[in-house]
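Here is the structure we will look at.
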2 protein chains.
Amino acid sequence: MSQIPLARRSPIPPENCNLARTIEIVGDRWTLLILRAALYGVRRFDDFQAELGCPRTVLSGRLKILVDAGLLTRKTYKVPGKRARPEYVLSAMGISLRPILIGLTQWGDVWLGKGEPPPISFTRTGSKSAIRAAFVDHEGREVRPDQIRAVLRG
Amino acid sequence: MSQIPLARRSPIPPENCNLARTIEIVGDRWTLLILRAALYGVRRFDDFQAELGCPRTVLSGRLKILVDAGLLTRKTYKVPGKRARPEYVLSAMGISLRPILIGLTQWGDVWLGKGEPPPISFTRTGSKSAIRAAFVDHEGREVRPDQIRAVLRG
DNA sequence: ACGCTGGATTTAGAATCCGAACTCTTTCAA
DNA sequence: TTGAAAGAGTTCGGATTCTAAATCCAGCGT
């Protein structure tokens with residue numbers, strides 16, 4: 001079934017791979033859920049907390065990490081008649097994770113959705129048919145998974 | 001900068017979302033690295049361990065989770081003159097995560113690669129130019145990020 | 001019988017997680 | 001002027017989970 005030939009080691013040690021550095025940042029339960037919420041427009045501490053139901057200590061720590069890493073920007077907002085408060089807004093760096101989050105969602109729809117239609121799907125503006133995360137070449141044409149080749153630098 | 005309008009909650013509670021179920025499985029440091037190695041062809045316990053440098057207890061537990069979830073299949077291999085051993089081979093379910101791993105890698109290349117060219121890149125078979133993660137419509141044509149709309153079921 | 005090898009569990013200590021309560025500051029209302 | 005409310009955290013034990021290292025176990029070759 002698997003077309004992947006046996007290997008004892010990967011061609012690139014994980015710690016040299018940018019994937020590992022990425023996982024350092026987003027590779028945990030809460031962080032990905034925080035980013036999901038942020039992509040839907042959630043920005044405030046208590047809103048994140050109500051959304052995730054995670055301990056406030058953990059949320060506070062994760063937000064700090066995401067700000068330090070540059071995925072979130074800490075700004076100040078002020079509702080008239082209320083005191084100024086911080087809000088956590090996605091940076092371009094954070095927004096660019098959107099295809100991956102949607103890709104993960106769609107993977108879950110396919111493999112974990114128990115026959116039910118997915119609760120949320122994505123379309124092009126003004127169209128009805130669904131879009132999906134995929135790979136494209138430099139001209140914007142889809143590259144199917146079996147056409148993908150890895151190329152080592154060297 | 002952010003075009004995302006403020007929201008107090010996401011339109012779908014995380015626990016109903018297939019993304020959350022996905023994150024339950026792959027949302028930790030080691031699991032994603034295990035899948036990375038598996039996609040490169042690593043299959044055996046000690047090879048995974050040497051590759052990741054993670055505690056054997058953790059590896060053993062994670063492999064069990066991935067087998068139970070259906071991403072890995074536990075098979076038996078036998079080198080003549082040695083005893084039979086289990087090996088952990090990606091199922092179709094596991095292999096279909098490859099685009100996401102590649103997407104994460106490329107995200108890291110862009111945002112975390114310190115000016116260096118990425119150690120590994122991806123192309124279409126027989127081509128030289130790089131591919132990238134994006135969205136496509138049902139005909140395989142790219143949809144730009146600002147054209148994406150989320151549609152709720154109901 | 002003995003050691004080797006690869007897969008996996010045991011153990012003890014460190015780090016992390018969790019929930020609940022508490023702090024701090026400004027604003028509004030009595 | 002006193003006090004309650006709101007939002008964003010921090011503090012605090014106790015429960016999990018992680019880590020590293022040692023150990024166990026089964027079959028193979030000698």
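Ligands are numbered from 1 in the order shown, chains are lettered A, B, ... in the order of the structure tokens, and residues start at 1 in each chain.
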
request  = Specify as a ChimeraX atom specification all residues of chain A found within 6 Å of chain B, counting only C-alpha atoms.
outcome  = /A:4-8,10,18-19,22,27-29,37,40-42,47,105,108-109,119-125,131-137,140-142,147-153

Go ahead and save the residues from that selection, with N, CA and C atoms, as a compact mmCIF listing (two decimals), in the first residue's frame.
```txt
# COMPACT_ATOMS: atom_id res chain seq x y z
N ILE A 4 6.15 4.42 -0.02
CA ILE A 4 7.34 5.05 0.55
C ILE A 4 8.38 3.98 0.87
N PRO A 5 9.56 4.07 0.27
CA PRO A 5 10.58 3.05 0.56
C PRO A 5 11.13 3.19 1.97
N LEU A 6 11.54 2.05 2.50
CA LEU A 6 12.10 2.02 3.86
C LEU A 6 13.33 2.92 3.97
N ALA A 7 13.41 3.65 5.06
CA ALA A 7 14.60 4.45 5.34
C ALA A 7 14.92 4.31 6.82
N ARG A 8 16.21 4.37 7.14
CA ARG A 8 16.58 4.34 8.55
C ARG A 8 16.55 5.75 9.14
N SER A 10 15.75 10.16 8.09
CA SER A 10 15.28 11.11 7.10
C SER A 10 16.47 11.84 6.49
N ASN A 18 13.16 23.37 8.87
CA ASN A 18 12.29 24.44 9.34
C ASN A 18 10.96 23.92 9.87
N LEU A 19 10.63 22.70 9.50
CA LEU A 19 9.43 22.10 10.06
C LEU A 19 9.55 21.96 11.57
N THR A 22 9.04 25.21 13.18
CA THR A 22 7.62 25.56 13.14
C THR A 22 6.86 24.84 14.23
N GLY A 27 3.22 23.58 17.60
CA GLY A 27 2.98 22.17 17.80
C GLY A 27 2.40 21.84 19.16
N ASP A 28 1.36 22.50 19.55
CA ASP A 28 0.65 22.00 20.72
C ASP A 28 -0.82 22.34 20.63
N ARG A 29 -1.55 21.60 21.39
CA ARG A 29 -3.00 21.65 21.45
C ARG A 29 -3.56 23.06 21.45
N ALA A 37 -9.11 30.39 16.51
CA ALA A 37 -10.02 31.43 17.00
C ALA A 37 -9.62 32.79 16.44
N TYR A 40 -10.79 33.53 13.12
CA TYR A 40 -12.21 33.85 13.06
C TYR A 40 -12.49 35.23 13.64
N GLY A 41 -11.47 35.89 14.15
CA GLY A 41 -11.66 37.27 14.61
C GLY A 41 -11.62 37.46 16.11
N VAL A 42 -11.40 36.41 16.86
CA VAL A 42 -11.30 36.55 18.31
C VAL A 42 -9.99 37.27 18.64
N ASP A 47 -12.30 36.35 25.68
CA ASP A 47 -12.98 35.68 24.58
C ASP A 47 -12.24 34.41 24.19
N THR A 105 -8.37 21.21 8.89
CA THR A 105 -9.82 21.06 9.06
C THR A 105 -10.39 20.11 8.02
N GLY A 108 -9.55 16.59 8.67
CA GLY A 108 -10.45 16.07 9.68
C GLY A 108 -11.84 15.78 9.13
N ASP A 109 -12.33 16.63 8.24
CA ASP A 109 -13.64 16.38 7.63
C ASP A 109 -13.64 15.03 6.92
N PRO A 119 -19.31 20.94 9.17
CA PRO A 119 -20.08 22.08 9.66
C PRO A 119 -19.69 23.38 8.97
N ILE A 120 -18.47 23.41 8.43
CA ILE A 120 -18.04 24.64 7.76
C ILE A 120 -17.26 24.26 6.51
N SER A 121 -17.48 25.02 5.44
CA SER A 121 -16.71 24.77 4.22
C SER A 121 -16.30 26.11 3.64
N PHE A 122 -15.54 26.08 2.57
CA PHE A 122 -14.96 27.30 2.05
C PHE A 122 -15.20 27.40 0.55
N THR A 123 -15.52 28.59 0.11
CA THR A 123 -15.77 28.81 -1.31
C THR A 123 -15.02 30.05 -1.77
N ARG A 124 -14.97 30.21 -3.09
CA ARG A 124 -14.51 31.48 -3.65
C ARG A 124 -15.66 32.47 -3.54
N THR A 125 -15.32 33.72 -3.31
CA THR A 125 -16.33 34.76 -3.24
C THR A 125 -17.28 34.68 -4.43
N ILE A 131 -13.83 25.05 -2.16
CA ILE A 131 -12.41 25.05 -2.49
C ILE A 131 -11.70 24.16 -1.48
N ARG A 132 -10.46 23.85 -1.77
CA ARG A 132 -9.70 23.02 -0.85
C ARG A 132 -8.23 23.43 -0.88
N ALA A 133 -7.53 23.09 0.20
CA ALA A 133 -6.11 23.36 0.26
C ALA A 133 -5.38 22.38 -0.65
N ALA A 134 -4.42 22.86 -1.42
CA ALA A 134 -3.69 22.02 -2.35
C ALA A 134 -2.36 22.69 -2.67
N PHE A 135 -1.62 22.09 -3.59
CA PHE A 135 -0.38 22.70 -4.04
C PHE A 135 -0.54 23.20 -5.46
N VAL A 136 0.09 24.33 -5.73
CA VAL A 136 0.05 24.88 -7.08
C VAL A 136 1.48 25.15 -7.54
N ASP A 137 1.67 25.15 -8.85
CA ASP A 137 2.97 25.52 -9.40
C ASP A 137 3.03 27.04 -9.54
N GLY A 140 0.02 28.84 -10.77
CA GLY A 140 -1.25 28.72 -10.07
C GLY A 140 -2.06 27.51 -10.48
N ARG A 141 -1.43 26.53 -11.09
CA ARG A 141 -2.15 25.30 -11.45
C ARG A 141 -1.88 24.22 -10.42
N GLU A 142 -2.90 23.45 -10.15
CA GLU A 142 -2.78 22.45 -9.10
C GLU A 142 -1.73 21.39 -9.43
N GLN A 147 2.36 13.95 -7.71
CA GLN A 147 3.29 14.61 -8.63
C GLN A 147 4.34 15.42 -7.89
N ILE A 148 4.27 15.39 -6.57
CA ILE A 148 5.18 16.22 -5.79
C ILE A 148 6.51 15.50 -5.60
N ARG A 149 7.60 16.19 -5.82
CA ARG A 149 8.93 15.65 -5.58
C ARG A 149 9.70 16.55 -4.62
N ALA A 150 10.40 15.92 -3.70
CA ALA A 150 11.25 16.66 -2.79
C ALA A 150 12.63 16.81 -3.41
N VAL A 151 13.20 17.99 -3.29
CA VAL A 151 14.52 18.24 -3.85
C VAL A 151 15.42 18.75 -2.74
N LEU A 152 16.54 18.04 -2.54
CA LEU A 152 17.48 18.47 -1.52
C LEU A 152 18.42 19.51 -2.10
N ARG A 153 18.75 20.46 -1.28
CA ARG A 153 19.72 21.46 -1.68
C ARG A 153 21.12 20.83 -1.58
```

query = For chain B, which residues have at least one atom within 12 Å of chain C, if we go by only C-alpha atoms (C1' of nucleotides)? Write them as a count of residues only, please.
reply = 24

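Of note, atom CA of A:Leu35 and atom CA of A:Arg62 are spaced 10.5 Å apart.
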
message = Would you mind listing, as a ChimeraX atom specification, all residues of chain D that have at least one atom within 12 Å of chain A, where only C-alpha atoms (C1' of nucleotides) are what counts?
response = /D:5-12

request  = Any chance you could list, as an MDAnalysis selection string, the residues in chain A that come up alpha helix (DSSP H) when DSSP is run on the backbone?
outcome  = chainID A and resid 18:26 29:39 45:52 56:69 92:95 98:111
